[in-house]
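Peer 1: structure.csv (CSV, C-alpha atoms and all ligand atoms) pasted underneath:
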chain,number,residue,atom,x,y,z
A,1,MET,CA,24.8,65.8,108.4
A,2,PRO,CA,26.9,67.9,106.0
A,3,PRO,CA,24.5,70.7,105.0
A,4,PHE,CA,25.1,70.2,101.2
A,5,ILE,CA,23.2,66.9,101.3
A,6,GLY,CA,20.1,68.9,102.2
A,7,GLN,CA,16.7,67.4,101.1
A,8,ARG,CA,18.3,64.7,99.0
A,9,ILE,CA,19.0,61.3,100.4
A,10,TYR,CA,22.5,60.0,99.8
A,11,LEU,CA,22.7,56.2,100.0
A,12,ASP,CA,25.9,55.7,98.0
A,13,HIS,CA,28.5,55.7,100.7
A,14,ALA,CA,30.2,52.7,99.1
A,15,ALA,CA,31.0,54.9,96.1
A,16,THR,CA,32.3,57.8,98.2
A,17,THR,CA,31.6,59.6,101.4
A,18,PRO,CA,31.5,63.4,102.1
A,19,LEU,CA,34.6,65.0,103.6
A,20,ASP,CA,34.2,65.2,107.4
A,21,PRO,CA,34.4,68.9,108.4
A,22,GLN,CA,37.0,68.1,111.0
A,23,VAL,CA,39.1,66.4,108.3
A,24,LYS,CA,38.8,69.4,106.1
A,25,ALA,CA,40.0,71.6,108.9
A,26,ALA,CA,43.0,69.4,109.5
A,27,MET,CA,43.9,69.6,105.8
A,28,LEU,CA,43.6,73.3,105.2
A,29,PRO,CA,47.0,74.4,106.7
A,30,PHE,CA,48.6,72.1,104.1
A,31,MET,CA,46.9,74.0,101.3
A,32,GLU,CA,47.9,77.3,102.8
A,33,GLU,CA,50.9,78.2,104.8
A,34,GLN,CA,52.3,74.6,105.2
A,35,PHE,CA,52.9,74.1,101.5
A,36,GLY,CA,56.4,72.7,101.8
A,37,ASN,CA,57.7,69.6,99.9
A,38,PRO,CA,58.5,66.9,102.5
A,39,SER,CA,61.7,66.2,100.6
A,40,SER,CA,63.1,69.7,101.0
A,41,LEU,CA,65.8,70.3,103.6
A,42,HIS,CA,64.7,73.7,104.8
A,43,TYR,CA,62.1,74.9,107.3
A,44,TRP,CA,59.1,74.3,105.1
A,45,GLY,CA,60.3,70.9,104.0
A,46,ARG,CA,61.0,69.9,107.6
A,47,GLN,CA,57.5,71.0,108.7
A,48,ALA,CA,56.0,69.0,105.8
A,49,ARG,CA,58.1,65.9,106.6
A,50,LYS,CA,57.0,66.1,110.2
A,51,ALA,CA,53.4,66.2,109.3
A,52,LEU,CA,53.8,63.4,106.8
A,53,GLU,CA,55.5,61.1,109.3
A,54,GLN,CA,52.9,62.0,112.0
A,55,ALA,CA,50.1,61.0,109.6
A,56,ARG,CA,51.9,57.7,108.9
A,57,GLU,CA,52.2,57.0,112.6
A,58,ARG,CA,48.5,57.8,113.2
A,59,ILE,CA,47.4,55.5,110.4
A,60,ALA,CA,49.7,52.8,111.6
A,61,ASN,CA,48.3,53.2,115.1
A,62,CYS,CA,44.7,52.9,113.9
A,63,LEU,CA,45.5,49.6,112.2
A,64,ASN,CA,47.9,48.3,114.8
A,65,ALA,CA,50.7,48.3,112.2
A,66,ARG,CA,54.2,49.9,112.2
A,67,PRO,CA,54.7,53.2,110.5
A,68,ASN,CA,57.3,51.8,108.1
A,69,GLU,CA,54.7,49.4,106.8
A,70,VAL,CA,52.5,52.2,105.4
A,71,VAL,CA,53.1,53.2,101.8
A,72,PHE,CA,51.1,56.3,100.7
A,73,THR,CA,49.5,56.1,97.2
A,74,SER,CA,47.0,58.1,95.2
A,75,GLY,CA,44.1,55.8,96.4
A,76,ALA,CA,43.2,52.2,96.5
A,77,THR,CA,43.3,51.6,92.7
A,78,GLU,CA,47.0,52.4,92.9
A,79,ALA,CA,47.5,50.4,96.1
A,80,ASP,CA,45.8,47.4,94.5
A,81,ASN,CA,47.9,47.8,91.3
A,82,LEU,CA,51.1,48.2,93.3
A,83,ALA,CA,50.3,45.0,95.2
A,84,LEU,CA,49.4,43.0,92.2
A,85,PHE,CA,51.9,44.2,89.6
A,86,GLY,CA,54.6,45.0,92.1
A,87,VAL,CA,54.6,41.6,93.8
A,88,ALA,CA,54.2,39.8,90.5
A,89,GLU,CA,57.3,41.6,89.1
A,90,ALA,CA,59.3,41.1,92.3
A,91,LEU,CA,58.6,37.3,92.1
A,92,ARG,CA,58.7,36.9,88.4
A,93,GLY,CA,61.1,34.1,87.5
A,94,SER,CA,60.5,32.0,90.6
A,95,LYS,CA,56.6,32.1,90.5
A,96,LYS,CA,54.0,32.2,87.7
A,97,HIS,CA,50.6,31.7,89.3
A,98,LEU,CA,48.2,34.1,91.1
A,99,VAL,CA,44.9,33.4,92.9
A,100,THR,CA,42.0,35.8,93.1
A,101,THR,CA,38.2,35.7,93.2
A,102,GLN,CA,35.4,36.2,90.7
A,103,ILE,CA,34.1,39.1,92.9
A,104,GLU,CA,37.0,41.5,93.0
A,105,HIS,CA,36.8,45.2,92.5
A,106,ALA,CA,37.9,46.3,89.0
A,107,ALA,CA,41.2,47.6,90.4
A,108,VAL,CA,42.2,44.0,91.2
A,109,ALA,CA,40.3,42.1,88.5
A,110,ASN,CA,41.7,44.2,85.7
A,111,ALA,CA,45.2,44.1,87.1
A,112,CYS,CA,44.9,40.3,87.1
A,113,ARG,CA,43.6,40.3,83.6
A,114,ARG,CA,46.6,42.2,82.4
A,115,LEU,CA,48.9,39.9,84.3
A,116,GLU,CA,47.2,37.0,82.6
A,117,ALA,CA,47.8,38.6,79.2
A,118,GLN,CA,51.4,38.9,80.2
A,119,GLY,CA,51.7,35.1,80.8
A,120,TRP,CA,50.7,34.7,84.5
A,121,GLU,CA,48.3,31.9,85.3
A,122,VAL,CA,45.4,33.2,87.3
A,123,THR,CA,42.9,31.1,89.3
A,124,TRP,CA,39.6,33.0,89.7
A,125,LEU,CA,38.0,31.4,92.8
A,126,PRO,CA,34.2,31.0,92.7
A,127,VAL,CA,32.1,32.1,95.6
A,128,ASP,CA,28.9,30.5,97.0
A,129,ALA,CA,25.4,31.8,96.6
A,130,GLU,CA,25.9,34.4,99.4
A,131,GLY,CA,29.3,35.5,98.0
A,132,PHE,CA,31.7,33.7,100.3
A,133,VAL,CA,35.0,32.2,99.2
A,134,SER,CA,35.4,28.6,100.3
A,135,PRO,CA,38.6,27.8,102.3
A,136,ASP,CA,38.6,24.4,100.6
A,137,GLU,CA,38.6,26.0,97.1
A,138,LEU,CA,41.5,28.2,98.2
A,139,GLN,CA,43.4,25.2,99.4
A,140,ARG,CA,42.9,23.4,96.2
A,141,ALA,CA,43.9,26.4,94.1
A,142,VAL,CA,47.2,27.2,95.8
A,143,ARG,CA,50.3,25.7,94.2
A,144,PRO,CA,54.1,25.8,94.9
A,145,ASP,CA,54.5,28.4,92.2
A,146,THR,CA,51.7,30.7,93.5
A,147,ALA,CA,53.2,34.2,94.0
A,148,LEU,CA,50.2,35.9,95.6
A,149,VAL,CA,46.6,35.5,96.6
A,150,SER,CA,44.4,38.6,96.4
A,151,ILE,CA,41.0,38.6,98.0
A,152,ILE,CA,38.6,41.5,98.6
A,153,HIS,CA,37.8,41.7,102.3
A,154,GLY,CA,34.4,43.5,102.3
A,155,ASN,CA,32.8,43.3,98.8
A,156,ASN,CA,31.9,46.8,97.5
A,157,GLU,CA,28.7,45.5,95.8
A,158,ILE,CA,27.1,42.7,97.8
A,159,GLY,CA,28.9,43.5,101.1
A,160,ALA,CA,30.2,39.9,101.8
A,161,ILE,CA,32.9,39.9,104.4
A,162,GLN,CA,35.4,37.1,103.7
A,163,PRO,CA,36.8,34.9,106.5
A,164,ILE,CA,40.2,36.6,106.1
A,165,GLU,CA,41.6,35.1,109.3
A,166,GLN,CA,40.9,31.6,108.3
A,167,LEU,CA,42.0,32.0,104.7
A,168,GLY,CA,45.1,33.9,105.8
A,169,GLU,CA,46.2,31.3,108.4
A,170,PHE,CA,46.2,28.7,105.8
A,171,LEU,CA,48.2,30.8,103.3
A,172,LYS,CA,50.7,31.8,106.1
A,173,ALA,CA,51.2,28.1,106.9
A,174,ARG,CA,51.9,27.4,103.2
A,175,GLY,CA,54.2,30.4,102.9
A,176,VAL,CA,52.0,32.1,100.2
A,177,LEU,CA,51.7,35.9,100.2
A,178,PHE,CA,48.3,37.4,100.8
A,179,HIS,CA,46.9,40.7,99.7
A,180,ILE,CA,43.5,42.0,100.8
A,181,ASP,CA,41.5,45.0,99.4
A,182,ALA,CA,40.1,46.3,102.6
A,183,VAL,CA,38.7,49.5,101.2
A,184,GLN,CA,35.1,48.8,102.4
A,185,THR,CA,36.1,47.5,105.8
A,186,VAL,CA,38.8,49.9,107.0
A,187,GLY,CA,37.2,52.4,109.4
A,188,LYS,CA,34.1,50.2,109.7
A,189,LEU,CA,35.5,47.1,111.3
A,190,PRO,CA,38.3,47.0,113.9
A,191,LEU,CA,41.4,45.6,112.1
A,192,SER,CA,44.6,44.7,113.8
A,193,LEU,CA,47.4,44.1,111.3
A,194,ALA,CA,49.7,42.8,114.0
A,195,ASP,CA,47.3,39.8,114.3
A,196,LEU,CA,45.7,39.5,110.9
A,197,PRO,CA,47.5,37.0,108.7
A,198,VAL,CA,47.8,39.3,105.6
A,199,ASP,CA,51.0,40.6,104.0
A,200,TYR,CA,49.5,43.5,102.0
A,201,LEU,CA,46.3,45.6,102.5
A,202,SER,CA,44.8,48.4,100.4
A,203,LEU,CA,42.8,51.3,101.8
A,204,SER,CA,41.3,54.5,100.4
A,205,ALA,CA,40.6,57.7,102.4
A,206,HIS,CA,37.5,58.8,100.5
A,207,LYS,CA,35.6,55.7,101.6
A,208,PHE,CA,35.9,56.8,105.3
A,209,TYR,CA,35.1,60.5,105.1
A,210,GLY,CA,38.5,61.5,104.0
A,211,PRO,CA,39.6,63.2,100.7
A,212,LYS,CA,39.7,61.6,97.3
A,213,GLY,CA,43.1,60.9,95.8
A,214,ALA,CA,44.7,59.5,99.0
A,215,GLY,CA,45.2,55.9,99.9
A,216,ALA,CA,47.8,53.5,101.2
A,217,LEU,CA,49.2,50.0,100.7
A,218,TYR,CA,50.2,48.3,103.9
A,219,VAL,CA,53.3,46.1,103.3
A,220,ARG,CA,54.1,43.8,106.2
A,221,GLU,CA,57.6,44.1,107.5
A,222,GLY,CA,59.6,41.2,106.1
A,223,ALA,CA,57.2,40.6,103.2
A,224,PRO,CA,58.8,41.0,99.7
A,225,LEU,CA,58.7,44.6,98.7
A,226,PRO,CA,56.6,45.2,95.6
A,227,ALA,CA,58.5,46.5,92.6
A,228,PRO,CA,57.7,50.2,92.2
A,229,MET,CA,55.3,51.2,89.4
A,230,LEU,CA,56.3,54.8,89.4
A,231,MET,CA,59.9,55.7,88.9
A,232,GLY,CA,61.3,59.1,90.1
A,233,GLY,CA,62.6,60.7,93.2
A,234,GLY,CA,62.4,57.6,95.4
A,235,GLN,CA,59.8,58.8,97.8
A,236,GLU,CA,58.0,56.3,100.0
A,237,ASN,CA,61.0,54.1,100.6
A,238,ASN,CA,61.5,53.9,96.8
A,239,LEU,CA,58.1,52.1,96.5
A,240,ARG,CA,56.1,55.1,95.2
A,241,SER,CA,58.0,58.0,93.7
A,242,GLY,CA,56.3,61.4,93.4
A,243,THR,CA,55.8,64.3,95.8
A,244,GLU,CA,53.4,63.2,98.4
A,245,ASN,CA,49.8,64.5,98.5
A,246,LEU,CA,50.4,65.9,102.0
A,247,ALA,CA,47.0,67.6,102.5
A,248,GLY,CA,45.3,64.4,101.4
A,249,ILE,CA,47.5,62.2,103.6
A,250,VAL,CA,47.0,64.4,106.7
A,251,GLY,CA,43.3,64.3,105.9
A,252,MET,CA,43.4,60.5,105.6
A,253,ALA,CA,45.0,60.2,109.0
A,254,GLU,CA,42.5,62.5,110.6
A,255,ALA,CA,39.6,60.7,108.9
A,256,LEU,CA,40.9,57.2,109.9
A,257,ALA,CA,41.4,58.3,113.5
A,258,LEU,CA,37.9,59.7,113.6
A,259,ALA,CA,36.3,56.6,111.9
A,260,THR,CA,38.2,54.3,114.2
A,261,GLU,CA,36.9,56.2,117.2
A,262,MET,CA,33.4,55.9,115.9
A,263,ILE,CA,33.4,52.2,115.0
A,264,GLY,CA,32.0,51.3,118.4
A,265,THR,CA,28.9,53.4,117.9
A,266,GLU,CA,28.5,53.8,114.1
A,267,THR,CA,28.9,50.2,113.1
A,268,PRO,CA,26.1,48.8,115.3
A,269,ARG,CA,24.0,51.8,114.3
A,270,LEU,CA,24.5,51.0,110.6
A,271,ARG,CA,23.9,47.3,111.1
A,272,ALA,CA,20.6,48.0,112.9
A,273,LEU,CA,19.5,50.4,110.0
A,274,GLN,CA,20.6,47.8,107.4
A,275,SER,CA,18.7,44.9,109.0
A,276,ARG,CA,15.5,46.9,109.4
A,277,PHE,CA,15.8,48.3,105.9
A,278,THR,CA,16.4,44.9,104.4
A,279,GLU,CA,13.3,43.5,106.1
A,280,ASP,CA,11.3,46.5,104.9
A,281,VAL,CA,12.3,46.2,101.3
A,282,LEU,CA,11.7,42.4,101.2
A,283,ARG,CA,8.2,43.0,102.7
A,284,ALA,CA,7.3,46.1,100.7
A,285,VAL,CA,8.5,45.1,97.2
A,286,PRO,CA,7.1,41.9,95.8
A,287,GLY,CA,9.8,39.8,94.0
A,288,ALA,CA,12.7,41.6,95.6
A,289,VAL,CA,15.8,39.5,95.9
A,290,LEU,CA,18.5,40.1,98.6
A,291,ASN,CA,22.0,39.7,97.2
A,292,GLY,CA,24.9,38.8,99.4
A,293,PRO,CA,24.9,37.4,103.0
A,294,ARG,CA,21.6,37.1,104.8
A,295,GLU,CA,23.3,37.7,108.2
A,296,ALA,CA,24.0,41.5,108.8
A,297,ALA,CA,27.1,40.7,110.8
A,298,LEU,CA,28.7,39.1,107.7
A,299,ARG,CA,28.0,42.2,105.5
A,300,VAL,CA,29.8,45.5,105.2
A,301,PRO,CA,28.1,47.7,107.7
A,302,GLY,CA,25.4,49.8,105.9
A,303,ASN,CA,25.3,47.7,102.7
A,304,ALA,CA,22.0,46.5,101.4
A,305,HIS,CA,21.9,45.0,97.9
A,306,PHE,CA,18.9,43.8,96.0
A,307,SER,CA,17.7,42.7,92.6
A,308,PHE,CA,14.2,43.8,91.4
A,309,PRO,CA,13.8,41.6,88.3
A,310,PRO,CA,12.9,41.9,85.5
A,311,GLY,CA,14.3,45.2,84.4
A,312,GLU,CA,17.5,47.3,84.6
A,313,GLY,CA,19.1,48.5,87.7
A,314,GLU,CA,20.2,51.6,85.9
A,315,ALA,CA,16.6,52.6,85.2
A,316,LEU,CA,15.7,52.2,88.8
A,317,VAL,CA,18.7,54.3,89.8
A,318,LEU,CA,17.6,57.1,87.5
A,319,HIS,CA,14.0,56.9,88.8
A,320,LEU,CA,15.2,57.0,92.4
A,321,ASP,CA,17.4,60.0,91.5
A,322,LEU,CA,14.3,61.9,90.3
A,323,LYS,CA,12.9,61.4,93.8
A,324,GLY,CA,16.1,62.8,95.3
A,325,ILE,CA,17.5,59.4,96.3
A,326,ALA,CA,21.1,58.6,95.3
A,327,VAL,CA,21.9,54.9,95.0
A,328,SER,CA,24.0,52.8,92.7
A,329,SER,CA,23.4,49.9,90.4
A,330,GLY,CA,26.5,48.1,91.4
A,331,SER,CA,29.9,49.7,91.5
A,332,ALA,CA,29.8,53.3,90.4
A,333,CYS,CA,32.5,52.8,87.8
A,334,HIS,CA,30.1,50.6,85.9
A,335,SER,CA,26.9,52.6,86.2
A,336,ALA,CA,27.0,53.7,82.6
A,337,VAL,CA,27.3,50.1,81.3
A,338,ILE,CA,24.1,48.0,81.2
A,339,GLU,CA,25.5,44.6,81.5
A,340,PRO,CA,24.6,41.8,83.9
A,341,SER,CA,26.7,42.4,87.0
A,342,ARG,CA,29.6,40.0,87.0
A,343,ILE,CA,29.5,39.9,90.8
A,344,ILE,CA,25.8,38.8,90.8
A,345,LYS,CA,26.5,36.3,88.0
A,346,ALA,CA,29.3,34.9,90.2
A,347,LEU,CA,26.6,34.2,92.9
A,348,GLY,CA,25.0,31.8,90.3
A,349,LYS,CA,22.1,34.1,89.6
A,350,ALA,CA,20.3,34.5,86.2
A,351,ASP,CA,21.0,37.4,83.8
A,352,ASP,CA,17.7,39.1,84.5
A,353,VAL,CA,18.5,39.1,88.3
A,354,ALA,CA,22.1,40.3,87.6
A,355,ARG,CA,20.8,43.2,85.5
A,356,ALA,CA,18.2,44.4,88.0
A,357,THR,CA,20.6,45.3,90.8
A,358,VAL,CA,20.4,48.2,93.2
A,359,ARG,CA,22.9,48.9,96.0
A,360,PHE,CA,21.9,51.1,98.9
A,361,SER,CA,24.9,52.0,101.1
A,362,MET,CA,24.3,53.9,104.3
A,363,GLY,CA,26.6,56.1,106.2
A,364,ARG,CA,26.9,58.6,109.0
A,365,SER,CA,24.2,60.9,107.6
A,366,THR,CA,21.7,58.1,107.2
A,367,THR,CA,18.6,58.1,109.4
A,368,GLU,CA,15.6,55.8,109.9
A,369,ALA,CA,13.4,58.6,108.5
A,370,GLU,CA,15.4,58.7,105.3
A,371,LEU,CA,15.1,54.9,104.9
A,372,ASP,CA,11.4,55.1,105.6
A,373,ARG,CA,11.1,57.7,102.8
A,374,VAL,CA,12.8,55.3,100.4
A,375,ILE,CA,10.5,52.5,101.4
A,376,SER,CA,7.5,54.8,100.8
A,377,VAL,CA,8.5,55.4,97.1
A,378,LEU,CA,10.3,52.2,96.2
A,379,PRO,CA,7.4,49.8,95.5
A,380,GLU,CA,5.7,52.1,93.1
A,381,ILE,CA,8.9,52.9,91.2
A,382,VAL,CA,9.8,49.2,90.9
A,383,SER,CA,6.4,48.3,89.7
A,384,ARG,CA,6.4,51.2,87.2
A,385,PHE,CA,9.7,50.3,85.6
A,386,ARG,CA,8.8,46.6,85.5
A,387,LYS,CA,6.1,47.4,82.9
A,401,LIG,C1,36.5,52.4,95.9
A,401,LIG,C2,37.2,51.1,95.9
A,401,LIG,C3,38.5,51.0,95.3
A,401,LIG,C4,39.1,52.1,94.6
A,401,LIG,O1,39.6,53.1,95.4
A,401,LIG,P1,40.1,54.5,94.8
A,401,LIG,O2,40.7,55.2,96.0
A,401,LIG,O3,38.8,55.2,94.4
A,401,LIG,O4,41.0,54.3,93.7
A,401,LIG,C5,39.1,49.8,95.3
A,401,LIG,N1,38.5,48.7,96.0
A,401,LIG,C6,37.3,48.8,96.5
A,401,LIG,C7,36.7,47.6,97.2
A,401,LIG,C8,36.6,50.0,96.5
A,401,LIG,O5,35.4,50.1,97.1
Write the structure described by the file as structure tokens, please.

Peer 2:
Amino acid sequence: MPPFIGQRIYLDHAATTPLDPQVKAAMLPFMEEQFGNPSSLHYWGRQARKALEQARERIANCLNARPNEVVFTSGATEADNLALFGVAEALRGSKKHLVTTQIEHAAVANACRRLEAQGWEVTWLPVDAEGFVSPDELQRAVRPDTALVSIIHGNNEIGAIQPIEQLGEFLKARGVLFHIDAVQTVGKLPLSLADLPVDYLSLSAHKFYGPKGAGALYVREGAPLPAPMLMGGGQENNLRSGTENLAGIVGMAEALALATEMIGTETPRLRALQSRFTEDVLRAVPGAVLNGPREAALRVPGNAHFSFPPGEGEALVLHLDLKGIAVSSGSACHSAVIEPSRIIKALGKADDVARATVRFSMGRSTTEAELDRVISVLPEIVSRFRK
């Protein structure tokens, strides 16, 4: 466990993860002697270029993709924006319709809202009570003028993992482009892009023990290139100008290699913790509601999401924080806003349930003992704030 977590219990790994010490060590030379700009022709530039392309190769290898399919960005928000705005702009004129879901991360949802304001038609697919998109609904939504379908792979709040293979096979057969936000699944589930029927995929280093501010958009070879959002020196094959965040990118490659190596042990371990914790919460807290899939295998590993109605999730988050337990009331970006969660509303739940949400997200440092400590304080906190 990273020593700075100490006596506190960190259960917010879906918001961000601590930097792995091995990742930090891999990054340090690029903040020190290897400071070159990968676009420079001299010694320092060539060293930097070599490191950049090695990182690209490592990331491609982890995902069974080709290096030329990896476009580095400042994170997944930018990758999502590049996929949505970039593909929409590239296909503007011939297409005018987009399909997404009601449970997207804000980086996709708000990009789609802007595209809607710009005249694109957007179909917001509903999900079922557990958070799954129905292949039938998708089939009904797709039209000849659909430019792109964008669906979150593992939901960052309720943890639902969508049947991407099934959805993608249908889209591939129809010739419709498919983007997935895989931020919550990369490094937790084995993903082979040579086999997955997706054209674009977003990932972010800080969700798998890498640094913040580094991410990538996978762009399948042969798929239309998104129009660039940043204009400048033409880096990243003209798709993303700006001097590359080399330390961050090297760290992202190291982090993904490590996470990929650990999937075989860490994912089953998290699933076991998650299942036990879920049973314990439902047993210990009267009236607790599990949100998202019941089956652990269909959830993001380590995700447990509940409502404790009536009351506000934010209040519970603050009470738990006083006990040294860090959780989220949904997605971190919304923690300051006390509104019913749009994700929980999309599951068809009432406002009081959608306001009383708490997400526990486990990670490498999480132990059974920590979860037992949470269970030992949770019922009392919930009953106190219900009054
Ligand atoms: C964290 C997250 C993002 C945003 O990633 P950043 O790198 O922080 O911009 C996008 N989508 C999902 C599902 C996320 O969990």

Peer 1: I want to know what sits within 6 Å of stretch 6-13 of chain A, based on all atoms listed in the file, with residues of the same chain fewer than 2 positions away left out; could you give that as a list of chain:residue names?

Peer 2: A:Pro3, A:Phe4, A:Ala15, A:Thr16, A:Thr17, A:Gly324, A:Ile325, A:Ala326, A:Val327, A:Phe360, A:Ser361, A:Met362, A:Gly363

Peer 1: Residues within 8 Å of ligand LIG 401 (chain A) should be enumerated using all atoms listed in the file and returned as a ChimeraX atom specification.

Peer 2: /A:14-16,74-80,104-108,152-156,181-184,202-207,212-215,331

Peer 1: Once you count all atoms listed in the file, which residues end up no further than 7 Å from (56.3, 44.3, 98.3) in the file's frame, shown as an MDAnalysis selection string?

Peer 2: chainID A and resid 83 86:87 219 223:227

Peer 1: With all atoms listed in the file as the basis for distance, which of A:Ser241, A:Glu89, A:Ala257, A:Gly210 is at the shortest distance from A:Leu19?

Peer 2: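 Closest candidate: A:Gly210.
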
Peer 1: As a PyMOL selection string, please: the residues near A:Gly264 (cut-off 12 Å, all atoms listed in the file, same-chain neighbours under 6 positions excluded).

Peer 2: chain A and resi 187-190+258+270-271+301

Peer 1: Write a file for stretch 7-73 of chain A of the given structure; include C-alpha atoms and format it as a PDB file, in the first residue's frame.

Peer 2:
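Now in part26.pdb:
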ATOM      1  CA  GLN A   7      -4.802   5.016   8.512  1.00  0.00           C
ATOM      2  CA  ARG A   8      -7.380   6.348   6.114  1.00  0.00           C
ATOM      3  CA  ILE A   9      -9.347   4.028   3.897  1.00  0.00           C
ATOM      4  CA  TYR A  10      -9.376   4.995   0.234  1.00  0.00           C
ATOM      5  CA  LEU A  11     -12.399   3.567  -1.590  1.00  0.00           C
ATOM      6  CA  ASP A  12     -12.551   5.998  -4.501  1.00  0.00           C
ATOM      7  CA  HIS A  13     -10.389   4.246  -7.086  1.00  0.00           C
ATOM      8  CA  ALA A  14     -12.942   4.976  -9.816  1.00  0.00           C
ATOM      9  CA  ALA A  15     -12.178   8.697  -9.345  1.00  0.00           C
ATOM     10  CA  THR A  16      -8.438   8.222  -9.400  1.00  0.00           C
ATOM     11  CA  THR A  17      -5.722   5.842  -8.250  1.00  0.00           C
ATOM     12  CA  PRO A  18      -2.395   6.553  -6.555  1.00  0.00           C
ATOM     13  CA  LEU A  19       0.688   6.553  -8.751  1.00  0.00           C
ATOM     14  CA  ASP A  20       2.433   3.188  -8.587  1.00  0.00           C
ATOM     15  CA  PRO A  21       6.003   3.673  -7.251  1.00  0.00           C
ATOM     16  CA  GLN A  22       7.393   1.692 -10.189  1.00  0.00           C
ATOM     17  CA  VAL A  23       5.538   4.031 -12.562  1.00  0.00           C
ATOM     18  CA  LYS A  24       6.973   7.057 -10.816  1.00  0.00           C
ATOM     19  CA  ALA A  25      10.466   5.601 -11.153  1.00  0.00           C
ATOM     20  CA  ALA A  26       9.919   5.080 -14.886  1.00  0.00           C
ATOM     21  CA  MET A  27       8.766   8.700 -15.258  1.00  0.00           C
ATOM     22  CA  LEU A  28      11.528  10.436 -13.297  1.00  0.00           C
ATOM     23  CA  PRO A  29      14.248  10.441 -15.998  1.00  0.00           C
ATOM     24  CA  PHE A  30      11.850  12.364 -18.247  1.00  0.00           C
ATOM     25  CA  MET A  31      11.522  15.108 -15.666  1.00  0.00           C
ATOM     26  CA  GLU A  32      15.277  15.196 -15.235  1.00  0.00           C
ATOM     27  CA  GLU A  33      18.023  14.482 -17.752  1.00  0.00           C
ATOM     28  CA  GLN A  34      15.773  13.208 -20.572  1.00  0.00           C
ATOM     29  CA  PHE A  35      13.951  16.496 -20.996  1.00  0.00           C
ATOM     30  CA  GLY A  36      14.092  16.631 -24.792  1.00  0.00           C
ATOM     31  CA  ASN A  37      11.238  17.515 -27.126  1.00  0.00           C
ATOM     32  CA  PRO A  38      10.363  14.477 -29.272  1.00  0.00           C
ATOM     33  CA  SER A  39      10.116  16.755 -32.318  1.00  0.00           C
ATOM     34  CA  SER A  40      13.731  17.992 -32.031  1.00  0.00           C
ATOM     35  CA  LEU A  41      16.300  16.535 -34.402  1.00  0.00           C
ATOM     36  CA  HIS A  42      19.270  16.520 -32.026  1.00  0.00           C
ATOM     37  CA  TYR A  43      20.391  13.974 -29.445  1.00  0.00           C
ATOM     38  CA  TRP A  44      17.886  15.001 -26.754  1.00  0.00           C
ATOM     39  CA  GLY A  45      15.063  15.033 -29.235  1.00  0.00           C
ATOM     40  CA  ARG A  46      15.967  11.632 -30.626  1.00  0.00           C
ATOM     41  CA  GLN A  47      16.117  10.118 -27.126  1.00  0.00           C
ATOM     42  CA  ALA A  48      12.711  11.569 -26.371  1.00  0.00           C
ATOM     43  CA  ARG A  49      11.263  10.339 -29.679  1.00  0.00           C
ATOM     44  CA  LYS A  50      12.577   6.859 -28.962  1.00  0.00           C
ATOM     45  CA  ALA A  51      10.947   6.817 -25.527  1.00  0.00           C
ATOM     46  CA  LEU A  52       7.684   8.146 -26.964  1.00  0.00           C
ATOM     47  CA  GLU A  53       7.511   5.471 -29.643  1.00  0.00           C
ATOM     48  CA  GLN A  54       8.491   2.733 -27.186  1.00  0.00           C
ATOM     49  CA  ALA A  55       5.643   3.831 -24.928  1.00  0.00           C
ATOM     50  CA  ARG A  56       3.259   3.730 -27.884  1.00  0.00           C
ATOM     51  CA  GLU A  57       4.412   0.214 -28.716  1.00  0.00           C
ATOM     52  CA  ARG A  58       4.022  -0.998 -25.140  1.00  0.00           C
ATOM     53  CA  ILE A  59       0.497   0.412 -24.901  1.00  0.00           C
ATOM     54  CA  ALA A  60      -0.450  -1.096 -28.259  1.00  0.00           C
ATOM     55  CA  ASN A  61       0.931  -4.474 -27.145  1.00  0.00           C
ATOM     56  CA  CYS A  62      -1.103  -4.432 -23.939  1.00  0.00           C
ATOM     57  CA  LEU A  63      -4.290  -3.851 -25.951  1.00  0.00           C
ATOM     58  CA  ASN A  64      -3.371  -6.073 -28.899  1.00  0.00           C
ATOM     59  CA  ALA A  65      -3.487  -3.039 -31.185  1.00  0.00           C
ATOM     60  CA  ARG A  66      -0.973  -1.497 -33.595  1.00  0.00           C
ATOM     61  CA  PRO A  67       1.262   1.359 -32.450  1.00  0.00           C
ATOM     62  CA  ASN A  68      -0.011   3.628 -35.247  1.00  0.00           C
ATOM     63  CA  GLU A  69      -3.521   3.222 -33.806  1.00  0.00           C
ATOM     64  CA  VAL A  70      -2.611   4.941 -30.508  1.00  0.00           C
ATOM     65  CA  VAL A  71      -3.077   8.741 -30.314  1.00  0.00           C
ATOM     66  CA  PHE A  72      -1.815  10.335 -27.112  1.00  0.00           C
ATOM     67  CA  THR A  73      -4.053  12.925 -25.442  1.00  0.00           C
TER      68      THR A  73
END
